[in-house]
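Listing of model_1.txt, compact mmCIF, C-alpha atoms
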# COMPACT_ATOMS: atom_id res chain seq x y z
CA MET A 17 105.87 93.16 110.14
CA ARG A 18 107.58 95.71 112.26
CA GLY A 19 106.33 96.89 115.66
CA ARG A 20 105.37 100.36 114.50
CA PRO A 21 101.70 101.31 114.76
CA ARG A 22 99.78 101.29 111.50
CA SER A 23 97.24 104.01 112.19
CA PHE A 24 95.44 105.64 109.33
CA ALA A 25 93.81 108.90 110.39
CA ARG A 26 91.31 109.07 107.54
CA HIS A 27 91.37 105.41 106.57
CA GLU A 28 90.59 102.57 108.92
CA LEU A 29 92.53 99.53 107.71
CA PRO A 30 93.15 96.39 109.75
CA TYR A 31 96.76 95.64 110.53
CA THR A 32 96.61 92.46 108.42
CA VAL A 33 95.36 94.36 105.36
CA VAL A 34 98.21 96.85 105.69
CA GLY A 35 100.65 93.92 105.86
CA ILE A 36 99.27 92.42 102.65
CA CYS A 37 99.43 95.78 100.86
CA VAL A 38 103.00 96.37 102.01
CA ALA A 39 103.95 92.91 100.71
CA VAL A 40 102.36 93.63 97.31
CA ILE A 41 104.22 96.95 97.07
CA ALA A 42 107.52 95.43 98.28
CA ASP A 43 107.35 92.73 95.58
CA TYR A 44 106.78 95.28 92.77
CA ASN A 45 110.37 95.38 91.46
CA ARG A 46 110.76 91.60 91.40
CA ARG A 47 107.53 91.21 89.43
CA GLU A 48 108.62 93.98 87.04
CA LYS A 49 111.92 92.18 86.32
CA GLU A 50 110.12 88.90 85.67
CA ILE A 51 107.67 90.62 83.31
CA ARG A 52 110.56 92.17 81.36
CA LYS A 53 112.31 88.79 81.07
CA GLY A 54 109.34 87.50 79.10
CA THR A 55 109.60 83.91 80.31
CA LEU A 56 106.40 83.77 82.39
CA THR A 57 103.43 81.61 81.56
CA GLU A 58 100.30 83.48 80.51
CA PRO A 59 98.40 83.07 83.82
CA LEU A 60 101.42 84.16 85.87
CA LEU A 61 102.14 87.08 83.54
CA SER A 62 98.54 88.21 83.83
CA SER A 63 98.70 88.00 87.62
CA TYR A 64 101.98 89.93 87.82
CA GLN A 65 100.67 92.64 85.50
CA LYS A 66 97.46 92.93 87.54
CA TYR A 67 99.36 93.51 90.79
CA ASN A 68 101.80 95.95 89.22
CA ASP A 69 98.92 97.86 87.61
CA ILE A 70 97.32 98.21 91.05
CA VAL A 71 100.59 99.59 92.48
CA ASN A 72 101.08 101.93 89.49
CA LYS A 73 97.55 103.28 89.78
CA ALA A 74 97.94 103.78 93.53
CA ALA A 75 101.27 105.56 93.02
CA MET A 76 99.56 108.37 91.14
CA CYS A 77 99.16 110.09 94.55
CA ILE A 78 102.97 110.47 94.58
CA GLU A 79 104.84 113.11 92.61
CA ASP A 80 106.68 112.06 89.46
CA GLY A 81 110.08 110.54 90.09
CA ASN A 82 109.42 109.63 93.73
CA LYS A 83 107.45 106.42 93.18
CA GLY A 84 110.59 104.29 93.12
CA GLU A 85 111.86 105.74 96.38
CA PHE A 86 108.53 105.21 98.13
CA ILE A 87 108.49 101.61 96.91
CA SER A 88 112.08 101.17 98.11
CA ASP A 89 111.24 102.68 101.50
CA ILE A 90 108.29 100.33 101.92
CA GLU A 91 110.30 97.35 100.66
CA THR A 92 113.10 97.89 103.17
CA GLY A 93 110.95 99.14 106.04
CA ARG A 94 112.65 102.52 105.95
CA GLY A 95 110.89 105.48 107.52
CA TYR A 96 111.13 109.21 106.98
CA ARG A 97 114.32 109.71 109.02
CA HIS A 98 116.32 107.34 106.80
CA SER A 99 114.57 108.00 103.50
CA ARG A 100 116.20 109.78 100.58
CA LEU A 101 112.93 111.70 100.29
CA ALA A 102 113.42 113.42 103.66
CA GLY A 103 114.82 116.47 101.86
CA GLU A 104 111.76 116.80 99.63
CA TYR A 105 108.95 116.33 102.15
CA THR A 106 108.16 117.17 105.72
CA SER A 107 107.61 114.10 107.87
CA TRP A 108 103.87 114.81 107.92
CA SER A 109 103.58 115.01 104.11
CA TYR A 110 105.83 111.97 103.63
CA TYR A 111 103.70 109.79 105.88
CA ALA A 112 100.46 111.19 104.46
CA ARG A 113 101.56 110.13 100.94
CA LYS A 114 102.75 106.75 102.20
CA ARG A 115 99.41 106.14 103.97
CA ASP A 116 97.45 107.18 100.87
CA PHE A 117 99.61 104.92 98.71
CA ILE A 118 98.96 101.91 100.95
CA TYR A 119 95.26 102.74 101.22
CA LYS A 120 94.89 102.95 97.43
CA VAL A 121 96.64 99.61 97.02
CA ALA A 122 94.15 98.15 99.54
CA ALA A 123 91.29 99.59 97.49
CA GLY A 124 92.78 98.19 94.29
CA LEU A 125 93.04 94.76 95.87
CA GLY A 126 89.40 94.99 96.95
CA PHE A 127 90.02 95.16 100.70
CA CYS A 128 88.21 98.48 101.11
CA GLU A 129 86.29 101.04 99.13
CA CYS A 130 88.23 104.02 97.93
CA ASN A 131 86.18 107.05 98.95
CA GLU A 132 88.42 109.64 97.34

Same coordinates, now as structure tokens:
Amino acid sequence: MRGRPRSFARHELPYTVVGICVAVIADYNRREKEIRKGTLTEPLLSSYQKYNDIVNKAAMCIEDGNKGEFISDIETGRGYRHSRLAGEYTSWSYYARKRDFIYKVAAGLGFCECNE
């Protein structure tokens, strides 16, 4: 984890929960490649699909076409200033979407109740 604060204005999530959610999001592309290969055992395939479904459902708070960039930003630890999405969003709206994305992944994993 990086040293940046993980404060969620509307959502109170423990630092450890945010770390788990970030790890699940960061591993999305690797799991997707393994699913496409088709060489996984049934239990592992089911697990990979479950986690990717959670990320896909959570990403519905992000506009079409930007999901991949948000995942890439989270995967590499990139913030607004170095993101390719800086031209499309203000820093406030970028971080609001990123926080919502992480919060919805936490809800999908059962770490909190989604109240939205």

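Here atom CA of Arg97 of chain A stands at a distance of 20.2 Å from atom CA of Ile41 of chain A.
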
Inset, instruction - Excluding Cys77 of chain A and residues on its chain fewer than 6 positions from it, collect all residues at most 8 Å away from it, counting all atoms listed in the file, and give them as a list in words. - result: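 The residues that qualify are Arg113, Asp116 and Phe117 of chain A.
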
Inset, instruction - Work out how far atom CA of Arg94 of chain A is from atom CA of Ile36 of chain A, in Å to one decimal. - result: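 Distance reported for this atom pair: 17.1 Å.
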
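Going from atom CA of Asn45 of chain A over to atom CA of Ile87 of chain A, you cover 8.5 Å.
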
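Counting all atoms listed in the file, the residue from A:Phe127, A:Tyr110, A:Tyr119, A:Tyr31 that sits nearest to Glu85 of chain A is A:Tyr110.
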
Inset, instruction - Choose the residue, out of A:Cys128, A:Ile90, A:Ile51, A:Ala102, that has the smallest atom-to-atom separation from Pro30 of chain A; count all atoms listed in the file. - result: A:Cys128

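Each of A:Glu129, A:Glu91, A:Asp43, A:Glu104 was compared to Ile78 of chain A using only C-alpha atoms, and A:Glu104 turns out to be the nearest.
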
Requested file, segment 38-52 of chain A restricted to N, CA and C atoms, as a CSV table (one decimal), in the first residue's frame:
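Listing of result_11.csv after writing:
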chain,number,residue,atom,x,y,z
A,38,VAL,N,-8.5,-2.9,-3.6
A,38,VAL,CA,-7.5,-2.5,-4.6
A,38,VAL,C,-6.8,-3.7,-5.2
A,39,ALA,N,-6.5,-4.7,-4.4
A,39,ALA,CA,-5.8,-5.9,-4.9
A,39,ALA,C,-6.7,-6.6,-5.9
A,40,VAL,N,-8.0,-6.7,-5.5
A,40,VAL,CA,-9.0,-7.4,-6.4
A,40,VAL,C,-9.1,-6.7,-7.7
A,41,ILE,N,-9.2,-5.4,-7.7
A,41,ILE,CA,-9.3,-4.6,-8.9
A,41,ILE,C,-8.0,-4.7,-9.8
A,42,ALA,N,-6.9,-4.6,-9.1
A,42,ALA,CA,-5.6,-4.7,-9.8
A,42,ALA,C,-5.3,-6.0,-10.5
A,43,ASP,N,-5.9,-7.1,-10.0
A,43,ASP,CA,-5.7,-8.4,-10.5
A,43,ASP,C,-6.7,-8.7,-11.6
A,44,TYR,N,-7.6,-7.8,-12.0
A,44,TYR,CA,-8.7,-8.0,-12.9
A,44,TYR,C,-8.2,-8.5,-14.3
A,45,ASN,N,-7.2,-7.8,-14.9
A,45,ASN,CA,-6.7,-8.1,-16.2
A,45,ASN,C,-6.0,-9.5,-16.3
A,46,ARG,N,-5.3,-9.9,-15.2
A,46,ARG,CA,-4.7,-11.2,-15.2
A,46,ARG,C,-5.7,-12.3,-15.1
A,47,ARG,N,-6.7,-12.1,-14.3
A,47,ARG,CA,-7.8,-13.1,-14.2
A,47,ARG,C,-8.5,-13.2,-15.6
A,48,GLU,N,-8.8,-12.1,-16.2
A,48,GLU,CA,-9.5,-12.1,-17.5
A,48,GLU,C,-8.7,-12.8,-18.6
A,49,LYS,N,-7.4,-12.7,-18.6
A,49,LYS,CA,-6.5,-13.4,-19.5
A,49,LYS,C,-6.6,-14.9,-19.3
A,50,GLU,N,-6.5,-15.3,-18.0
A,50,GLU,CA,-6.6,-16.7,-17.7
A,50,GLU,C,-8.0,-17.3,-18.0
A,51,ILE,N,-9.0,-16.6,-17.8
A,51,ILE,CA,-10.4,-17.0,-18.2
A,51,ILE,C,-10.4,-17.3,-19.7
A,52,ARG,N,-9.9,-16.3,-20.5
A,52,ARG,CA,-9.9,-16.5,-21.9
A,52,ARG,C,-9.1,-17.6,-22.4
